[in-house]
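*Asks:* To be precise about what I am sending: the file is called target-v4.pdb and holds PDB, C-alpha atoms, pLDDT in the B column.
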ATOM      1  CA  MET A 212       0.285-110.880   3.096  1.00 43.00           C
ATOM      2  CA  ILE A 213      -0.058-110.920  -0.690  1.00 44.00           C
ATOM      3  CA  ALA A 214      -3.560-109.527  -0.506  1.00 43.00           C
ATOM      4  CA  TRP A 215      -2.505-106.494   1.498  1.00 41.00           C
ATOM      5  CA  SER A 216      -0.147-104.994  -1.100  1.00 41.00           C
ATOM      6  CA  LEU A 217      -2.977-103.629  -3.243  1.00 42.00           C
ATOM      7  CA  ALA A 218      -5.142-102.714  -0.295  1.00 42.00           C
ATOM      8  CA  LEU A 219      -2.300-100.687   1.199  1.00 38.00           C
ATOM      9  CA  ALA A 220      -1.713 -98.998  -2.145  1.00 40.00           C
ATOM     10  CA  LEU A 221      -5.330 -97.836  -2.056  1.00 43.00           C
ATOM     11  CA  CYS A 222      -4.707 -96.137   1.276  1.00 36.00           C
ATOM     12  CA  ALA A 223      -1.779 -94.171  -0.156  1.00 34.00           C
ATOM     13  CA  CYS A 224      -4.008 -92.226  -2.506  1.00 30.00           C
ATOM     14  CA  GLY A 225      -5.233 -88.772  -1.575  1.00 29.00           C
ATOM     15  CA  LYS A 226      -8.483 -86.856  -1.198  1.00 29.00           C
ATOM     16  CA  LYS A 227      -9.390 -83.587  -2.822  1.00 31.00           C
ATOM     17  CA  SER A 228     -12.483 -81.434  -2.936  1.00 33.00           C
ATOM     18  CA  ASP A 229     -13.558 -82.557  -6.426  1.00 35.00           C
ATOM     19  CA  GLU A 230     -13.511 -86.310  -5.674  1.00 35.00           C
ATOM     20  CA  GLN A 231     -15.100 -88.573  -8.262  1.00 36.00           C
ATOM     21  CA  THR A 232     -15.298 -92.254  -8.883  1.00 37.00           C
ATOM     22  CA  PRO A 233     -12.087 -93.637 -10.453  1.00 37.00           C
ATOM     23  CA  SER A 234     -13.382 -93.287 -14.016  1.00 36.00           C
ATOM     24  CA  ALA A 235     -12.423 -89.641 -14.493  1.00 34.00           C
ATOM     25  CA  PRO A 236      -8.720 -88.969 -13.800  1.00 33.00           C
ATOM     26  CA  SER A 237      -7.414 -85.409 -13.502  1.00 34.00           C
ATOM     27  CA  SER A 238      -3.955 -83.913 -13.081  1.00 36.00           C
ATOM     28  CA  ASN A 239      -4.039 -82.551  -9.507  1.00 37.00           C
ATOM     29  CA  PRO A 240      -2.795 -85.145  -6.954  1.00 36.00           C
ATOM     30  CA  SER A 241      -3.341 -84.697  -3.222  1.00 36.00           C
ATOM     31  CA  SER A 242      -2.166 -86.346  -0.005  1.00 35.00           C
ATOM     32  CA  ALA A 243      -5.176 -86.894   2.322  1.00 39.00           C
ATOM     33  CA  ALA A 244      -6.799 -90.305   2.948  1.00 38.00           C
ATOM     34  CA  PRO A 245      -9.671 -91.593   0.770  1.00 41.00           C
ATOM     35  CA  SER A 246     -13.179 -91.044   2.087  1.00 42.00           C
ATOM     36  CA  PRO A 247     -15.339 -94.080   2.858  1.00 42.00           C
ATOM     37  CA  ALA A 248     -18.092 -95.126   0.487  1.00 43.00           C
ATOM     38  CA  PRO A 249     -21.674 -95.352   1.690  1.00 43.00           C
ATOM     39  CA  PRO A 250     -22.470 -98.765   3.247  1.00 44.00           C
ATOM     40  CA  GLY A 251     -23.033-101.468   0.656  1.00 50.00           C
ATOM     41  CA  SER A 252     -21.549 -99.478  -2.198  1.00 56.00           C
ATOM     42  CA  SER A 253     -18.521-100.193  -4.325  1.00 66.00           C
ATOM     43  CA  PHE A 254     -16.667 -98.057  -6.814  1.00 82.00           C
ATOM     44  CA  GLY A 255     -15.232-101.033  -8.719  1.00 88.00           C
ATOM     45  CA  ALA A 256     -12.752-103.840  -8.290  1.00 93.00           C
ATOM     46  CA  CYS A 257      -9.205-104.835  -9.158  1.00 94.00           C
ATOM     47  CA  ASP A 258      -9.238-108.439 -10.373  1.00 95.00           C
ATOM     48  CA  ASP A 259      -5.839-110.049  -9.783  1.00 95.00           C
ATOM     49  CA  ILE A 260      -7.091-113.621  -9.408  1.00 96.00           C
ATOM     50  CA  ALA A 261      -4.814-114.963 -12.152  1.00 96.00           C
ATOM     51  CA  LYS A 262      -1.700-113.673 -10.328  1.00 95.00           C
ATOM     52  CA  SER A 263      -2.623-113.779  -6.635  1.00 96.00           C
ATOM     53  CA  SER A 264      -6.050-115.430  -6.204  1.00 97.00           C
ATOM     54  CA  ILE A 265      -7.563-112.166  -4.926  1.00 97.00           C
ATOM     55  CA  CYS A 266      -9.830-109.376  -6.133  1.00 96.00           C
ATOM     56  CA  ASN A 267      -9.874-106.067  -4.274  1.00 94.00           C
ATOM     57  CA  GLU A 268     -13.199-104.282  -4.125  1.00 93.00           C
ATOM     58  CA  VAL A 269     -12.704-100.522  -3.853  1.00 88.00           C
ATOM     59  CA  VAL A 270     -15.048 -99.165  -1.179  1.00 84.00           C
ATOM     60  CA  ALA A 271     -13.490 -95.734  -0.698  1.00 80.00           C
ATOM     61  CA  LYS A 272     -13.924 -92.780  -3.005  1.00 79.00           C
ATOM     62  CA  ILE A 273     -10.791 -92.313  -5.046  1.00 79.00           C
ATOM     63  CA  PRO A 274      -9.701 -88.822  -6.087  1.00 84.00           C
ATOM     64  CA  ALA A 275     -10.159 -88.009  -9.752  1.00 83.00           C
ATOM     65  CA  SER A 276      -6.389 -87.645 -10.034  1.00 88.00           C
ATOM     66  CA  ILE A 277      -5.935 -91.405  -9.545  1.00 87.00           C
ATOM     67  CA  SER A 278      -6.455 -93.645 -12.597  1.00 86.00           C
ATOM     68  CA  HIS A 279      -7.746 -97.226 -12.669  1.00 86.00           C
ATOM     69  CA  ASP A 280      -4.214 -98.347 -13.607  1.00 87.00           C
ATOM     70  CA  GLN A 281      -2.814 -96.658 -10.505  1.00 88.00           C
ATOM     71  CA  ILE A 282      -5.522 -98.131  -8.305  1.00 87.00           C
ATOM     72  CA  CYS A 283      -5.129-101.654  -9.644  1.00 91.00           C
ATOM     73  CA  ASN A 284      -1.353-101.686 -10.044  1.00 88.00           C
ATOM     74  CA  GLY A 285      -1.474-104.000 -13.068  1.00 86.00           C
ATOM     75  CA  ALA A 286      -4.659-105.887 -12.170  1.00 92.00           C
ATOM     76  CA  THR A 287      -7.775-105.670 -14.360  1.00 92.00           C
ATOM     77  CA  TRP A 288     -10.424-103.084 -13.437  1.00 91.00           C
ATOM     78  CA  HIS A 289     -14.030-104.375 -13.267  1.00 88.00           C
ATOM     79  CA  GLN A 290     -17.268-103.080 -11.811  1.00 86.00           C
ATOM     80  CA  ALA A 291     -17.353-105.997  -9.323  1.00 90.00           C
ATOM     81  CA  CYS A 292     -15.360-109.022  -8.219  1.00 94.00           C
ATOM     82  CA  PRO A 293     -16.428-112.342  -9.764  1.00 94.00           C
ATOM     83  CA  THR A 294     -18.440-114.891  -7.778  1.00 94.00           C
ATOM     84  CA  GLU A 295     -16.968-118.072  -9.278  1.00 95.00           C
ATOM     85  CA  GLY A 296     -14.432-119.706  -6.949  1.00 96.00           C
ATOM     86  CA  HIS A 297     -15.111-117.156  -4.176  1.00 97.00           C
ATOM     87  CA  VAL A 298     -13.991-118.433  -0.754  1.00 97.00           C
ATOM     88  CA  GLY A 299     -14.644-115.428   1.476  1.00 97.00           C
ATOM     89  CA  ALA A 300     -13.721-111.791   1.945  1.00 97.00           C
ATOM     90  CA  CYS A 301     -11.812-109.524   4.280  1.00 96.00           C
ATOM     91  CA  ASN A 302     -12.783-106.000   5.279  1.00 94.00           C
ATOM     92  CA  SER A 303      -9.328-104.432   5.277  1.00 90.00           C
ATOM     93  CA  PRO A 304      -8.436-101.393   7.352  1.00 86.00           C
ATOM     94  CA  ALA A 305      -6.943 -99.911   4.140  1.00 81.00           C
ATOM     95  CA  GLY A 306     -10.196 -99.020   2.353  1.00 77.00           C
ATOM     96  CA  ALA A 307     -10.848-102.197   0.363  1.00 86.00           C
ATOM     97  CA  ILE A 308     -12.638-105.495   0.691  1.00 94.00           C
ATOM     98  CA  ILE A 309     -10.291-108.293  -0.300  1.00 96.00           C
ATOM     99  CA  HIS A 310     -12.040-111.236  -1.951  1.00 97.00           C
ATOM    100  CA  TYR A 311     -10.230-114.599  -1.849  1.00 98.00           C
ATOM    101  CA  TYR A 312     -10.541-117.305  -4.520  1.00 98.00           C
ATOM    102  CA  SER A 313      -9.886-121.026  -4.803  1.00 98.00           C
ATOM    103  CA  THR A 314      -8.577-120.424  -8.336  1.00 96.00           C
ATOM    104  CA  GLY A 315      -5.277-118.820  -9.339  1.00 96.00           C
ATOM    105  CA  PRO A 316      -1.815-119.574  -7.912  1.00 97.00           C
ATOM    106  CA  GLU A 317      -2.615-119.231  -4.188  1.00 96.00           C
ATOM    107  CA  LYS A 318      -5.717-121.473  -4.337  1.00 97.00           C
ATOM    108  CA  PHE A 319      -7.126-120.148  -1.071  1.00 98.00           C
ATOM    109  CA  ASP A 320      -9.399-122.250   1.083  1.00 98.00           C
ATOM    110  CA  ALA A 321     -11.422-120.660   3.896  1.00 97.00           C
ATOM    111  CA  VAL A 322      -8.792-121.311   6.587  1.00 97.00           C
ATOM    112  CA  LYS A 323      -5.869-119.951   4.566  1.00 97.00           C
ATOM    113  CA  ALA A 324      -7.881-116.895   3.482  1.00 97.00           C
ATOM    114  CA  LYS A 325      -9.096-116.158   7.022  1.00 97.00           C
ATOM    115  CA  ASN A 326      -5.544-116.396   8.371  1.00 97.00           C
ATOM    116  CA  ASN A 327      -4.268-114.049   5.637  1.00 96.00           C
ATOM    117  CA  CYS A 328      -7.036-111.577   6.457  1.00 96.00           C
ATOM    118  CA  GLU A 329      -6.448-111.599  10.193  1.00 96.00           C
ATOM    119  CA  GLU A 330      -2.654-111.293   9.774  1.00 95.00           C
ATOM    120  CA  GLY A 331      -3.347-107.946   8.119  1.00 92.00           C
ATOM    121  CA  ARG A 332      -5.737-106.922  10.936  1.00 93.00           C
ATOM    122  CA  GLY A 333      -8.762-107.233   8.703  1.00 94.00           C
ATOM    123  CA  LYS A 334     -12.199-108.534   9.633  1.00 95.00           C
ATOM    124  CA  TRP A 335     -13.011-111.910   8.040  1.00 96.00           C
ATOM    125  CA  MET A 336     -16.350-112.181   6.208  1.00 93.00           C
ATOM    126  CA  PRO A 337     -17.070-115.829   5.217  1.00 86.00           C
TER
END
Render the structure in this file as structure tokens.

*Replies:*
Amino acid sequence: MIAWSLALALCACGKKSDEQTPSAPSSNPSSAAPSPAPPGSSFGACDDIAKSSICNEVVAKIPASISHDQICNGATWHQACPTEGHVGACNSPAGAIIHYYSTGPEKFDAVKAKNNCEEGRGKWMP
């Protein structure tokens, strides 16, 4: 369930009429759900491999009022998740794709990552 903490945090952010990618924060928060990104697109990623062996790819538009620090909750913001050590990914119902890695403290293998994904009602993507 480690991987779901950040993904659930992404769902808690709001939507407003002047949505932008996460690079331009503003001061007007809102409470609606994030809107989905077009298929195959990503707005960036929160790399937390060193702490939890996961990287969360943000695939929902984030309101301009939400900063990268708020999105990543202490993880490092990147344009994409790394490929080295990648085990598989999970399409979470919370607006993120969770990438699992064989590096970091959890040292996921495919079975452990798939189980973690499915426990959170995500769809496993090997």

*Asks:* Please measure the separation of atom CA of Val298 of chain A and atom CA of Asp280 of chain A, giving the value in Å to one decimal.

*Replies:*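 Computing the Euclidean distance for atom CA of Val298 of chain A and atom CA of Asp280 of chain A yields 25.8 Å.
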
*Asks:* I'd like the neighbourhood of Gly285 of chain A as a list of chain:residue names, where a residue qualifies if any of its atoms comes within 10 Å (using only C-alpha atoms), though same-chain residues fewer than 5 positions away should be ignored.

*Replies:* A:Leu217, A:Cys257, A:Asp258, A:Asp259, A:His279, A:Asp280

*Asks:* Just checking: using all atoms listed in the file, which residue out of A:Pro274, A:His297, A:Ile282, A:Glu317 ends up closest to Ala261 of chain A?

*Replies:*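 The answer is A:Glu317, which sits nearest to Ala261 of chain A.
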
*Asks:* Give the centre and edge lengths of an axis-aligned box, in Å to one decimal, that holds all listed atoms of segment 312-317 of chain A with 5 Å on each side, as lines of an AutoDock Vina configuration file.

*Replies:*
center_x = -6.2
center_y = -119.2
center_z = -6.8
size_x = 18.7
size_y = 13.7
size_z = 15.2

*Asks:* Within 7 Å of (-18.9, -99.6, -12.1) in the file's own coordinates, which protein, DNA or RNA residues have an atom, counting only C-alpha atoms? List them as a list in words.

*Replies:*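 Within 7 Å of (-18.9, -99.6, -12.1), the protein and nucleic acid residues are Phe254, Gly255, His289 and Gln290 of chain A.
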
*Asks:* Would you mind telling me which residue in A:Ser263, A:Ser276, A:Val269, A:Cys328 lies nearest to Cys301 of chain A when using all atoms listed in the file?

*Replies:*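 Result for the nearest residue to Cys301 of chain A: A:Cys328.
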
*Asks:* Please check which residues have atoms at most 7 Å from (-13.1, -116.0, 1.8) in the file's coordinates, counting all atoms listed in the file, and write them as a ChimeraX atom specification.

*Replies:* /A:297-300,310-312,321,324-325,336-337

*Asks:* Grab the residues selected above and save them as a compact mmCIF listing (two decimals), in the coordinates of the input with C-alpha atoms.

*Replies:*
# COMPACT_ATOMS: atom_id res chain seq x y z
CA HIS A 297 -15.11 -117.16 -4.18
CA VAL A 298 -13.99 -118.43 -0.75
CA GLY A 299 -14.64 -115.43 1.48
CA ALA A 300 -13.72 -111.79 1.94
CA HIS A 310 -12.04 -111.24 -1.95
CA TYR A 311 -10.23 -114.60 -1.85
CA TYR A 312 -10.54 -117.30 -4.52
CA ALA A 321 -11.42 -120.66 3.90
CA ALA A 324 -7.88 -116.90 3.48
CA LYS A 325 -9.10 -116.16 7.02
CA MET A 336 -16.35 -112.18 6.21
CA PRO A 337 -17.07 -115.83 5.22

*Asks:* Which residue out of A:Val322, A:Cys266, A:Ile309, A:Ala271 has the minimum interatomic distance to Thr287 of chain A when only C-alpha atoms are used?

*Replies:*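 Result for the nearest residue to Thr287 of chain A: A:Cys266.
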
*Asks:* Closest to Lys318 of chain A among A:Ala275, A:Glu295, A:Ile265, A:Asn302, using only C-alpha atoms?

*Replies:*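 Of A:Ala275, A:Glu295, A:Ile265, A:Asn302, the one nearest Lys318 of chain A, counting only C-alpha atoms, is A:Ile265.
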
*Asks:* If I take atom CA of Ser313 of chain A and atom CA of Gln281 of chain A, how far is one from the other in Å, to one decimal?

*Replies:*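 That distance, rounded to one decimal, is 26.0 Å.
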
*Asks:* Could you please determine the separation between atom CA of Ser278 of chain A and atom CA of Pro304 of chain A in Å, to one decimal place?

*Replies:*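 So the two atoms, atom CA of Ser278 of chain A and atom CA of Pro304 of chain A, lie 21.5 Å apart.
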
*Asks:* Write out as a ChimeraX atom specification the residues lying within 8 Å of Ser303 of chain A, counting all atoms listed in the file and excluding same-chain residues fewer than 6 positions away.

*Replies:* /A:218,309,328,331-334
